[in-house]
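All remarks here apply to the structure that follows.
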There are 2 protein chains.
Amino acid sequence: MPSAEDITKAVNRYLETVSQGRPDDVAALYAEDATVEDPVGGEVHIGRQAIRGFYANVLGAKCETDVVTLRALGNEAAYFWRLTVDLGEGDRMTIEIISVMTFDDEGKIASMKAYWGPDNIKQG
Amino acid sequence: MPSAEDITKAVNRYLETVSQGRPDDVAALYAEDATVEDPVGGEVHIGRQAIRGFYANVLGAKCETDVVTLRALGNEAAYFWRLTVDLGEGDRMTIEIISVMTFDDEGKIASMKAYWGPDNIKQG
């Protein structure tokens, strides 16, 4: 089982690859049969290939990530964070997200769920 | 399926009964076969009777709850909140918690997971 330190590092690596807009590197952090539900209540993407496709669609714009609070417990992580997207010409959009990840024995992400909706998006 | 409004009300009712220290009323919000993992990584309490016993053990001291941010999506809720426990003689302890709940078709809590550890407890 990955340690709390392993899990914290994996989350930070995830946020780094997301902010760098690298779908291949994001997908590589996931287990082969992982699932992604982002946002929760929407489509569930199953398997690394589908997950890569999801990130290829949503990543692109310059963005920054900022963790408000993270906790690694058992084989899970829950964290509250902000994704700030640079829309160009000085415009920005910030999404405040609660994310939950589970990890497999190798420290790969087995599942990711992101809890956010229109109320959690701020423009400007 | 319960609406986002139903789920938000159920979470608020949960926090109200927790702060009032009423294990029977807390347990009544759960489905018969619900599960509680609080904190995540610890024991999983299965079924309403075990859940009632869990709350009877942990509730007692005067406390207050304060939601920082809550999101209700699909049949789930994720929220970041503070539990402030009055230890008497002016002493207080605050625990910052990320909680995730799933709900059944009747709007009862089907599962609850609370993400917190020693790092999330503040004395004084």
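Numbering starts fresh at 1 for the residues of each chain in the structure tokens, the chains themselves are lettered A, B, ... in the order given, and ligands are numbered from 1 as they appear.
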All Cα atoms, paired in order, least squares: that's the fit I need for chain B onto chain A, output as a compact mmCIF listing (two decimals) with N, CA, C and O atoms, in the first residue's frame.
```txt
# COMPACT_ATOMS: atom_id res chain seq x y z
N MET B 1 0.87 -1.21 -0.02
CA MET B 1 0.02 -0.02 -0.01
C MET B 1 0.90 1.23 0.01
O MET B 1 1.89 1.27 0.74
N PRO B 2 0.57 2.21 -0.79
CA PRO B 2 1.37 3.44 -0.79
C PRO B 2 1.24 4.16 0.56
O PRO B 2 0.20 4.10 1.20
N SER B 3 2.30 4.85 0.96
CA SER B 3 2.27 5.61 2.22
C SER B 3 1.56 6.95 1.99
O SER B 3 1.32 7.36 0.84
N ALA B 4 1.25 7.63 3.09
CA ALA B 4 0.65 8.97 2.99
C ALA B 4 1.57 9.90 2.20
O ALA B 4 1.11 10.74 1.42
N GLU B 5 2.87 9.71 2.37
CA GLU B 5 3.84 10.54 1.64
C GLU B 5 3.78 10.24 0.14
O GLU B 5 3.79 11.17 -0.69
N ASP B 6 3.71 8.94 -0.21
CA ASP B 6 3.60 8.55 -1.63
C ASP B 6 2.36 9.18 -2.25
O ASP B 6 2.39 9.68 -3.38
N ILE B 7 1.24 9.11 -1.51
CA ILE B 7 -0.03 9.61 -2.03
C ILE B 7 0.02 11.13 -2.20
O ILE B 7 -0.43 11.67 -3.21
N THR B 8 0.60 11.80 -1.22
CA THR B 8 0.73 13.26 -1.32
C THR B 8 1.58 13.65 -2.53
O THR B 8 1.24 14.57 -3.29
N LYS B 9 2.68 12.91 -2.73
CA LYS B 9 3.54 13.18 -3.90
C LYS B 9 2.78 12.94 -5.20
O LYS B 9 2.92 13.70 -6.17
N ALA B 10 1.98 11.87 -5.24
CA ALA B 10 1.23 11.55 -6.46
C ALA B 10 0.21 12.64 -6.77
O ALA B 10 0.02 13.01 -7.94
N VAL B 11 -0.44 13.16 -5.73
CA VAL B 11 -1.41 14.26 -5.96
C VAL B 11 -0.68 15.48 -6.50
O VAL B 11 -1.13 16.12 -7.46
N ASN B 12 0.46 15.80 -5.88
CA ASN B 12 1.21 16.98 -6.35
C ASN B 12 1.69 16.81 -7.79
O ASN B 12 1.65 17.74 -8.59
N ARG B 13 2.11 15.59 -8.12
CA ARG B 13 2.53 15.29 -9.49
C ARG B 13 1.35 15.42 -10.45
O ARG B 13 1.49 15.95 -11.56
N TYR B 14 0.18 14.95 -10.00
CA TYR B 14 -1.04 15.08 -10.80
C TYR B 14 -1.32 16.56 -11.09
O TYR B 14 -1.54 16.96 -12.24
N LEU B 15 -1.31 17.39 -10.06
CA LEU B 15 -1.62 18.81 -10.23
C LEU B 15 -0.58 19.50 -11.12
O LEU B 15 -0.92 20.38 -11.92
N GLU B 16 0.67 19.05 -11.00
CA GLU B 16 1.75 19.61 -11.83
C GLU B 16 1.51 19.29 -13.32
O GLU B 16 1.59 20.18 -14.17
N THR B 17 1.17 18.04 -13.60
CA THR B 17 0.98 17.65 -15.01
C THR B 17 -0.29 18.27 -15.58
O THR B 17 -0.35 18.61 -16.75
N VAL B 18 -1.31 18.45 -14.72
CA VAL B 18 -2.53 19.14 -15.16
C VAL B 18 -2.21 20.59 -15.51
O VAL B 18 -2.59 21.09 -16.57
N SER B 19 -1.47 21.27 -14.62
CA SER B 19 -1.19 22.69 -14.86
C SER B 19 -0.27 22.86 -16.07
O SER B 19 -0.31 23.89 -16.73
N GLN B 20 0.52 21.83 -16.37
CA GLN B 20 1.40 21.91 -17.54
C GLN B 20 0.68 21.48 -18.82
O GLN B 20 1.25 21.55 -19.91
N GLY B 21 -0.57 21.01 -18.68
CA GLY B 21 -1.38 20.67 -19.86
C GLY B 21 -0.85 19.48 -20.64
O GLY B 21 -0.84 19.51 -21.87
N ARG B 22 -0.41 18.44 -19.90
CA ARG B 22 0.19 17.27 -20.57
C ARG B 22 -0.66 16.02 -20.35
O ARG B 22 -0.44 15.25 -19.42
N PRO B 23 -1.64 15.77 -21.25
CA PRO B 23 -2.56 14.65 -21.07
C PRO B 23 -1.88 13.28 -20.99
O PRO B 23 -2.34 12.42 -20.22
N ASP B 24 -0.81 13.07 -21.76
CA ASP B 24 -0.11 11.78 -21.69
C ASP B 24 0.47 11.56 -20.29
O ASP B 24 0.36 10.46 -19.74
N ASP B 25 1.06 12.59 -19.74
CA ASP B 25 1.69 12.47 -18.42
C ASP B 25 0.64 12.35 -17.32
O ASP B 25 0.86 11.67 -16.32
N VAL B 26 -0.50 13.03 -17.50
CA VAL B 26 -1.59 12.88 -16.52
C VAL B 26 -2.09 11.44 -16.57
O VAL B 26 -2.20 10.76 -15.53
N ALA B 27 -2.37 10.94 -17.77
CA ALA B 27 -2.93 9.58 -17.92
C ALA B 27 -1.99 8.52 -17.36
O ALA B 27 -2.43 7.51 -16.82
N ALA B 28 -0.68 8.77 -17.46
CA ALA B 28 0.31 7.79 -16.99
C ALA B 28 0.27 7.62 -15.47
O ALA B 28 0.76 6.64 -14.93
N LEU B 29 -0.33 8.58 -14.77
CA LEU B 29 -0.45 8.48 -13.31
C LEU B 29 -1.59 7.55 -12.90
O LEU B 29 -1.68 7.15 -11.74
N TYR B 30 -2.46 7.23 -13.85
CA TYR B 30 -3.63 6.39 -13.58
C TYR B 30 -3.33 4.91 -13.82
O TYR B 30 -2.54 4.57 -14.70
N ALA B 31 -4.01 4.04 -13.07
CA ALA B 31 -3.97 2.61 -13.33
C ALA B 31 -4.69 2.32 -14.65
O ALA B 31 -5.52 3.11 -15.11
N GLU B 32 -4.34 1.19 -15.24
CA GLU B 32 -4.90 0.80 -16.56
C GLU B 32 -6.43 0.80 -16.56
O GLU B 32 -7.06 1.19 -17.53
N ASP B 33 -7.03 0.35 -15.44
CA ASP B 33 -8.50 0.21 -15.38
C ASP B 33 -9.13 1.29 -14.47
O ASP B 33 -10.20 1.09 -13.91
N ALA B 34 -8.46 2.42 -14.38
CA ALA B 34 -8.94 3.49 -13.48
C ALA B 34 -10.22 4.12 -14.01
O ALA B 34 -10.61 3.90 -15.17
N THR B 35 -10.87 4.89 -13.11
CA THR B 35 -12.08 5.62 -13.49
C THR B 35 -11.93 7.09 -13.09
O THR B 35 -11.30 7.42 -12.08
N VAL B 36 -12.52 7.95 -13.91
CA VAL B 36 -12.52 9.40 -13.65
C VAL B 36 -13.94 9.92 -13.80
O VAL B 36 -14.59 9.66 -14.82
N GLU B 37 -14.42 10.61 -12.77
CA GLU B 37 -15.74 11.25 -12.82
C GLU B 37 -15.52 12.72 -12.45
O GLU B 37 -15.31 13.06 -11.29
N ASP B 38 -15.57 13.60 -13.47
CA ASP B 38 -15.17 15.00 -13.29
C ASP B 38 -15.98 15.87 -14.23
O ASP B 38 -15.67 15.95 -15.41
N PRO B 39 -17.04 16.54 -13.75
CA PRO B 39 -17.49 16.59 -12.36
C PRO B 39 -18.33 15.37 -11.98
O PRO B 39 -18.84 14.67 -12.86
N VAL B 40 -18.44 15.12 -10.67
CA VAL B 40 -19.31 14.05 -10.17
C VAL B 40 -20.74 14.32 -10.62
O VAL B 40 -21.20 15.46 -10.63
N GLY B 41 -21.42 13.25 -11.04
CA GLY B 41 -22.76 13.38 -11.60
C GLY B 41 -22.74 13.36 -13.12
O GLY B 41 -23.77 13.19 -13.76
N GLY B 42 -21.53 13.54 -13.70
CA GLY B 42 -21.37 13.50 -15.16
C GLY B 42 -20.88 12.14 -15.63
O GLY B 42 -20.97 11.16 -14.89
N GLU B 43 -20.34 12.10 -16.82
CA GLU B 43 -19.87 10.85 -17.42
C GLU B 43 -18.70 10.26 -16.63
O GLU B 43 -17.84 11.00 -16.15
N VAL B 44 -18.67 8.93 -16.52
CA VAL B 44 -17.53 8.26 -15.90
C VAL B 44 -16.62 7.74 -17.01
O VAL B 44 -17.07 6.98 -17.87
N HIS B 45 -15.38 8.18 -17.03
CA HIS B 45 -14.41 7.75 -18.03
C HIS B 45 -13.67 6.54 -17.47
O HIS B 45 -13.10 6.61 -16.38
N ILE B 46 -13.71 5.44 -18.19
CA ILE B 46 -13.19 4.17 -17.68
C ILE B 46 -11.99 3.72 -18.51
O ILE B 46 -12.10 3.58 -19.73
N GLY B 47 -10.86 3.50 -17.84
CA GLY B 47 -9.66 3.01 -18.50
C GLY B 47 -8.74 4.14 -18.91
O GLY B 47 -9.18 5.26 -19.20
N ARG B 48 -7.44 3.84 -18.93
CA ARG B 48 -6.44 4.89 -19.14
C ARG B 48 -6.59 5.60 -20.49
O ARG B 48 -6.35 6.81 -20.60
N GLN B 49 -7.03 4.84 -21.51
CA GLN B 49 -7.15 5.45 -22.85
C GLN B 49 -8.28 6.49 -22.86
O GLN B 49 -8.10 7.61 -23.36
N ALA B 50 -9.42 6.13 -22.28
CA ALA B 50 -10.54 7.08 -22.20
C ALA B 50 -10.15 8.27 -21.33
O ALA B 50 -10.51 9.42 -21.63
N ILE B 51 -9.40 8.01 -20.28
CA ILE B 51 -8.97 9.07 -19.37
C ILE B 51 -8.02 10.04 -20.10
O ILE B 51 -8.14 11.26 -19.98
N ARG B 52 -7.10 9.48 -20.90
CA ARG B 52 -6.21 10.34 -21.68
C ARG B 52 -7.02 11.24 -22.61
O ARG B 52 -6.77 12.45 -22.73
N GLY B 53 -8.03 10.66 -23.25
CA GLY B 53 -8.90 11.43 -24.15
C GLY B 53 -9.63 12.55 -23.42
O GLY B 53 -9.74 13.67 -23.92
N PHE B 54 -10.09 12.24 -22.21
CA PHE B 54 -10.76 13.26 -21.40
C PHE B 54 -9.83 14.44 -21.13
O PHE B 54 -10.19 15.60 -21.35
N TYR B 55 -8.61 14.14 -20.68
CA TYR B 55 -7.67 15.23 -20.37
C TYR B 55 -7.23 15.98 -21.63
O TYR B 55 -7.01 17.20 -21.59
N ALA B 56 -7.09 15.26 -22.75
CA ALA B 56 -6.72 15.92 -24.01
C ALA B 56 -7.79 16.96 -24.37
O ALA B 56 -7.48 18.02 -24.91
N ASN B 57 -9.05 16.66 -24.05
CA ASN B 57 -10.15 17.60 -24.33
C ASN B 57 -10.16 18.80 -23.40
O ASN B 57 -10.43 19.91 -23.83
N VAL B 58 -9.93 18.55 -22.11
CA VAL B 58 -10.15 19.64 -21.14
C VAL B 58 -8.90 20.47 -20.86
O VAL B 58 -9.01 21.63 -20.47
N LEU B 59 -7.71 19.89 -21.07
CA LEU B 59 -6.49 20.67 -20.83
C LEU B 59 -6.17 21.48 -22.08
O LEU B 59 -6.66 21.20 -23.15
N GLY B 60 -5.34 22.49 -21.92
CA GLY B 60 -4.98 23.28 -23.10
C GLY B 60 -4.60 24.67 -22.68
O GLY B 60 -3.46 25.09 -22.82
N ALA B 61 -5.57 25.37 -22.09
CA ALA B 61 -5.29 26.75 -21.67
C ALA B 61 -4.23 26.74 -20.57
O ALA B 61 -4.08 25.76 -19.84
N LYS B 62 -3.51 27.83 -20.46
CA LYS B 62 -2.54 27.98 -19.37
C LYS B 62 -3.29 28.00 -18.05
O LYS B 62 -4.29 28.70 -17.92
N CYS B 63 -2.83 27.22 -17.09
CA CYS B 63 -3.52 27.25 -15.80
C CYS B 63 -2.56 27.00 -14.65
O CYS B 63 -1.43 26.56 -14.83
N GLU B 64 -3.05 27.33 -13.47
CA GLU B 64 -2.29 27.14 -12.24
C GLU B 64 -3.14 26.39 -11.25
O GLU B 64 -4.37 26.53 -11.26
N THR B 65 -2.49 25.63 -10.37
CA THR B 65 -3.22 24.90 -9.33
C THR B 65 -2.69 25.33 -7.97
O THR B 65 -1.52 25.68 -7.83
N ASP B 66 -3.59 25.31 -7.01
CA ASP B 66 -3.26 25.83 -5.67
C ASP B 66 -4.06 25.00 -4.66
O ASP B 66 -5.29 25.04 -4.67
N VAL B 67 -3.35 24.21 -3.86
CA VAL B 67 -4.03 23.34 -2.90
C VAL B 67 -4.35 24.12 -1.62
O VAL B 67 -3.46 24.71 -1.01
N VAL B 68 -5.62 24.14 -1.23
CA VAL B 68 -6.02 24.79 0.03
C VAL B 68 -5.74 23.84 1.19
O VAL B 68 -5.14 24.22 2.19
N THR B 69 -6.19 22.59 1.06
CA THR B 69 -5.95 21.60 2.12
C THR B 69 -6.02 20.21 1.52
O THR B 69 -6.86 19.94 0.66
N LEU B 70 -5.09 19.37 1.95
CA LEU B 70 -5.02 18.00 1.43
C LEU B 70 -4.88 17.03 2.59
O LEU B 70 -4.18 17.32 3.56
N ARG B 71 -5.57 15.91 2.51
CA ARG B 71 -5.37 14.86 3.51
C ARG B 71 -5.21 13.51 2.82
O ARG B 71 -6.00 13.16 1.94
N ALA B 72 -4.17 12.76 3.18
CA ALA B 72 -3.90 11.43 2.65
C ALA B 72 -4.15 10.43 3.77
O ALA B 72 -3.53 10.52 4.84
N LEU B 73 -5.09 9.51 3.55
CA LEU B 73 -5.52 8.58 4.60
C LEU B 73 -5.78 7.22 3.97
O LEU B 73 -6.49 7.14 2.96
N GLY B 74 -5.26 6.15 4.58
CA GLY B 74 -5.44 4.83 3.98
C GLY B 74 -4.89 4.87 2.57
O GLY B 74 -3.78 5.36 2.34
N ASN B 75 -5.64 4.38 1.60
CA ASN B 75 -5.19 4.45 0.20
C ASN B 75 -5.91 5.55 -0.58
O ASN B 75 -6.15 5.43 -1.77
N GLU B 76 -6.28 6.62 0.16
CA GLU B 76 -7.06 7.69 -0.46
C GLU B 76 -6.45 9.06 -0.21
O GLU B 76 -5.69 9.26 0.74
N ALA B 77 -6.86 9.99 -1.05
CA ALA B 77 -6.56 11.40 -0.81
C ALA B 77 -7.82 12.20 -1.04
O ALA B 77 -8.59 11.90 -1.96
N ALA B 78 -8.06 13.21 -0.20
CA ALA B 78 -9.13 14.17 -0.42
C ALA B 78 -8.49 15.54 -0.30
O ALA B 78 -7.70 15.78 0.63
N TYR B 79 -8.79 16.41 -1.25
CA TYR B 79 -8.17 17.73 -1.19
C TYR B 79 -9.09 18.77 -1.80
O TYR B 79 -9.91 18.50 -2.65
N PHE B 80 -8.96 19.97 -1.24
CA PHE B 80 -9.72 21.13 -1.69
C PHE B 80 -8.71 22.03 -2.37
O PHE B 80 -7.69 22.38 -1.77
N TRP B 81 -8.99 22.39 -3.61
CA TRP B 81 -7.99 23.12 -4.39
C TRP B 81 -8.64 24.07 -5.38
O TRP B 81 -9.84 24.02 -5.59
N ARG B 82 -7.81 24.95 -5.94
CA ARG B 82 -8.28 25.91 -6.92
C ARG B 82 -7.53 25.70 -8.23
O ARG B 82 -6.30 25.57 -8.22
N LEU B 83 -8.28 25.71 -9.31
CA LEU B 83 -7.70 25.67 -10.66
C LEU B 83 -7.96 27.04 -11.28
O LEU B 83 -9.11 27.44 -11.44
N THR B 84 -6.89 27.76 -11.56
CA THR B 84 -7.04 29.08 -12.18
C THR B 84 -6.60 29.00 -13.63
O THR B 84 -5.46 28.62 -13.94
N VAL B 85 -7.55 29.31 -14.53
CA VAL B 85 -7.30 29.18 -15.97
C VAL B 85 -7.10 30.57 -16.55
O VAL B 85 -7.91 31.47 -16.31
N ASP B 86 -6.00 30.73 -17.27
CA ASP B 86 -5.69 32.00 -17.94
C ASP B 86 -6.41 32.01 -19.29
O ASP B 86 -6.08 31.22 -20.18
N LEU B 87 -7.42 32.88 -19.42
CA LEU B 87 -8.22 32.91 -20.65
C LEU B 87 -7.65 33.87 -21.68
O LEU B 87 -8.23 34.06 -22.75
N GLY B 88 -6.50 34.48 -21.36
CA GLY B 88 -5.89 35.43 -22.29
C GLY B 88 -6.41 36.84 -22.06
O GLY B 88 -7.47 37.04 -21.47
N GLU B 89 -5.63 37.80 -22.53
CA GLU B 89 -6.00 39.23 -22.42
C GLU B 89 -6.38 39.62 -20.98
O GLU B 89 -7.31 40.42 -20.76
N GLY B 90 -5.70 39.00 -20.02
CA GLY B 90 -5.91 39.37 -18.62
C GLY B 90 -7.13 38.72 -17.97
O GLY B 90 -7.36 38.92 -16.77
N ASP B 91 -7.90 37.97 -18.75
CA ASP B 91 -9.08 37.30 -18.17
C ASP B 91 -8.68 35.99 -17.50
O ASP B 91 -7.87 35.23 -18.03
N ARG B 92 -9.31 35.74 -16.34
CA ARG B 92 -9.03 34.50 -15.60
C ARG B 92 -10.33 33.89 -15.11
O ARG B 92 -11.32 34.59 -14.88
N MET B 93 -10.29 32.58 -14.94
CA MET B 93 -11.43 31.85 -14.39
C MET B 93 -10.87 30.94 -13.30
O MET B 93 -9.87 30.26 -13.52
N THR B 94 -11.51 30.94 -12.13
CA THR B 94 -11.04 30.07 -11.05
C THR B 94 -12.14 29.08 -10.68
O THR B 94 -13.30 29.47 -10.50
N ILE B 95 -11.78 27.81 -10.61
CA ILE B 95 -12.73 26.77 -10.20
C ILE B 95 -12.25 26.21 -8.86
O ILE B 95 -11.09 25.83 -8.73
N GLU B 96 -13.14 26.20 -7.86
CA GLU B 96 -12.81 25.63 -6.55
C GLU B 96 -13.35 24.21 -6.50
O GLU B 96 -14.56 24.00 -6.65
N ILE B 97 -12.48 23.26 -6.27
CA ILE B 97 -12.79 21.84 -6.46
C ILE B 97 -12.47 21.04 -5.20
O ILE B 97 -11.42 21.25 -4.58
N ILE B 98 -13.37 20.14 -4.82
CA ILE B 98 -13.04 19.10 -3.84
C ILE B 98 -12.81 17.82 -4.63
O ILE B 98 -13.70 17.38 -5.37
N SER B 99 -11.62 17.25 -4.54
CA SER B 99 -11.30 16.02 -5.28
C SER B 99 -11.01 14.89 -4.31
O SER B 99 -10.43 15.10 -3.25
N VAL B 100 -11.43 13.69 -4.73
CA VAL B 100 -11.13 12.48 -3.97
C VAL B 100 -10.49 11.48 -4.92
O VAL B 100 -11.01 11.23 -6.01
N MET B 101 -9.35 10.94 -4.52
CA MET B 101 -8.66 9.92 -5.31
C MET B 101 -8.45 8.67 -4.46
O MET B 101 -8.16 8.79 -3.26
N THR B 102 -8.57 7.50 -5.10
CA THR B 102 -8.11 6.27 -4.46
C THR B 102 -6.90 5.77 -5.25
O THR B 102 -6.76 6.08 -6.44
N PHE B 103 -6.04 5.02 -4.56
CA PHE B 103 -4.79 4.57 -5.16
C PHE B 103 -4.68 3.05 -5.06
O PHE B 103 -5.19 2.45 -4.10
N ASP B 104 -4.01 2.45 -6.04
CA ASP B 104 -3.79 0.99 -5.98
C ASP B 104 -2.47 0.71 -5.26
O ASP B 104 -1.78 1.64 -4.79
N ASP B 105 -2.12 -0.57 -5.16
CA ASP B 105 -0.93 -0.95 -4.39
C ASP B 105 0.36 -0.38 -4.97
O ASP B 105 1.36 -0.23 -4.25
N GLU B 106 0.35 -0.09 -6.27
CA GLU B 106 1.56 0.47 -6.90
C GLU B 106 1.61 2.00 -6.81
O GLU B 106 2.53 2.62 -7.35
N GLY B 107 0.59 2.58 -6.18
CA GLY B 107 0.58 4.04 -6.05
C GLY B 107 0.01 4.75 -7.27
O GLY B 107 0.10 5.97 -7.38
N LYS B 108 -0.58 3.97 -8.20
CA LYS B 108 -1.28 4.59 -9.34
C LYS B 108 -2.67 5.01 -8.89
O LYS B 108 -3.27 4.39 -8.01
N ILE B 109 -3.22 6.03 -9.54
CA ILE B 109 -4.58 6.49 -9.21
C ILE B 109 -5.58 5.46 -9.74
O ILE B 109 -5.59 5.15 -10.93
N ALA B 110 -6.39 4.91 -8.84
CA ALA B 110 -7.40 3.90 -9.23
C ALA B 110 -8.72 4.58 -9.57
O ALA B 110 -9.47 4.10 -10.42
N SER B 111 -9.02 5.68 -8.88
CA SER B 111 -10.25 6.43 -9.20
C SER B 111 -10.06 7.88 -8.81
O SER B 111 -9.32 8.20 -7.87
N MET B 112 -10.73 8.75 -9.54
CA MET B 112 -10.71 10.18 -9.23
C MET B 112 -12.12 10.71 -9.40
O MET B 112 -12.79 10.40 -10.38
N LYS B 113 -12.58 11.45 -8.41
CA LYS B 113 -13.87 12.12 -8.49
C LYS B 113 -13.66 13.58 -8.13
O LYS B 113 -13.01 13.88 -7.12
N ALA B 114 -14.17 14.47 -8.97
CA ALA B 114 -14.01 15.90 -8.72
C ALA B 114 -15.38 16.51 -8.50
O ALA B 114 -16.27 16.39 -9.34
N TYR B 115 -15.55 17.15 -7.35
CA TYR B 115 -16.84 17.74 -6.95
C TYR B 115 -16.79 19.24 -7.19
O TYR B 115 -16.13 19.98 -6.45
N TRP B 116 -17.45 19.68 -8.24
CA TRP B 116 -17.57 21.11 -8.54
C TRP B 116 -18.74 21.30 -9.49
O TRP B 116 -19.15 20.40 -10.19
N GLY B 117 -19.26 22.51 -9.48
CA GLY B 117 -20.36 22.86 -10.37
C GLY B 117 -20.29 24.33 -10.72
O GLY B 117 -19.34 25.02 -10.32
N PRO B 118 -21.26 24.83 -11.46
CA PRO B 118 -21.26 26.24 -11.88
C PRO B 118 -21.07 27.22 -10.72
O PRO B 118 -20.41 28.25 -10.88
N ASP B 119 -21.62 26.88 -9.55
CA ASP B 119 -21.50 27.77 -8.39
C ASP B 119 -20.06 27.94 -7.91
O ASP B 119 -19.75 28.84 -7.13
N ASN B 120 -19.18 27.01 -8.33
CA ASN B 120 -17.80 27.02 -7.85
C ASN B 120 -16.84 27.67 -8.84
O ASN B 120 -15.62 27.56 -8.70
N ILE B 121 -17.40 28.30 -9.88
CA ILE B 121 -16.58 28.98 -10.89
C ILE B 121 -16.67 30.48 -10.68
O ILE B 121 -17.77 31.02 -10.54
N LYS B 122 -15.49 31.11 -10.63
CA LYS B 122 -15.48 32.58 -10.52
C LYS B 122 -14.75 33.15 -11.72
O LYS B 122 -13.67 32.67 -12.08
N GLN B 123 -15.34 34.14 -12.34
CA GLN B 123 -14.71 34.81 -13.48
C GLN B 123 -13.95 36.03 -12.99
O GLN B 123 -14.35 36.66 -12.02
N GLY B 124 -12.88 36.37 -13.73
CA GLY B 124 -12.18 37.64 -13.46
C GLY B 124 -11.06 37.51 -12.47
O GLY B 124 -10.81 36.45 -11.95
```
Picked from stretch 29-68 of chain A by DSSP as strand (DSSP E or B), as a PyMOL selection string = chain A and resi 30-37+44-46+63-68
Dump as a short mmCIF file (atom, residue, chain, number, x, y, z; two decimals), in the first residue's frame, selection limited to N, CA and C atoms:
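Below is the file that was written, again_17.cif:
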```cif
data_model
loop_
_atom_site.label_atom_id
_atom_site.label_comp_id
_atom_site.auth_asym_id
_atom_site.auth_seq_id
_atom_site.Cartn_x
_atom_site.Cartn_y
_atom_site.Cartn_z
N TYR A 30 -2.45 7.22 -13.87
CA TYR A 30 -3.62 6.40 -13.58
C TYR A 30 -3.34 4.91 -13.82
N ALA A 31 -4.00 4.05 -13.07
CA ALA A 31 -3.98 2.60 -13.32
C ALA A 31 -4.68 2.33 -14.65
N GLU A 32 -4.34 1.19 -15.25
CA GLU A 32 -4.89 0.80 -16.56
C GLU A 32 -6.42 0.80 -16.55
N ASP A 33 -7.03 0.36 -15.46
CA ASP A 33 -8.50 0.21 -15.37
C ASP A 33 -9.12 1.29 -14.48
N ALA A 34 -8.46 2.43 -14.39
CA ALA A 34 -8.93 3.49 -13.48
C ALA A 34 -10.22 4.13 -14.00
N THR A 35 -10.87 4.90 -13.11
CA THR A 35 -12.08 5.64 -13.48
C THR A 35 -11.93 7.11 -13.09
N VAL A 36 -12.53 7.96 -13.91
CA VAL A 36 -12.52 9.41 -13.66
C VAL A 36 -13.95 9.93 -13.80
N GLU A 37 -14.42 10.62 -12.76
CA GLU A 37 -15.75 11.26 -12.81
C GLU A 37 -15.54 12.73 -12.45
N VAL A 44 -18.68 8.94 -16.52
CA VAL A 44 -17.53 8.28 -15.90
C VAL A 44 -16.63 7.75 -17.02
N HIS A 45 -15.38 8.19 -17.02
CA HIS A 45 -14.40 7.76 -18.02
C HIS A 45 -13.66 6.55 -17.46
N ILE A 46 -13.71 5.44 -18.20
CA ILE A 46 -13.18 4.16 -17.70
C ILE A 46 -11.99 3.73 -18.53
N CYS A 63 -2.84 27.21 -17.09
CA CYS A 63 -3.52 27.23 -15.80
C CYS A 63 -2.56 26.99 -14.65
N GLU A 64 -3.06 27.34 -13.46
CA GLU A 64 -2.29 27.14 -12.24
C GLU A 64 -3.14 26.39 -11.24
N THR A 65 -2.49 25.62 -10.38
CA THR A 65 -3.22 24.90 -9.34
C THR A 65 -2.69 25.34 -7.97
N ASP A 66 -3.58 25.30 -7.01
CA ASP A 66 -3.26 25.83 -5.68
C ASP A 66 -4.06 24.99 -4.66
N VAL A 67 -3.36 24.21 -3.85
CA VAL A 67 -4.05 23.34 -2.89
C VAL A 67 -4.37 24.12 -1.62
N VAL A 68 -5.63 24.14 -1.23
CA VAL A 68 -6.03 24.79 0.03
C VAL A 68 -5.75 23.84 1.19
#
```
From chain A, collect each residue whose DSSP state is helix (DSSP H, G or I) and return the set as a PyMOL selection string.
-> chain A and resi 4-19+23-27+48-58+118-120
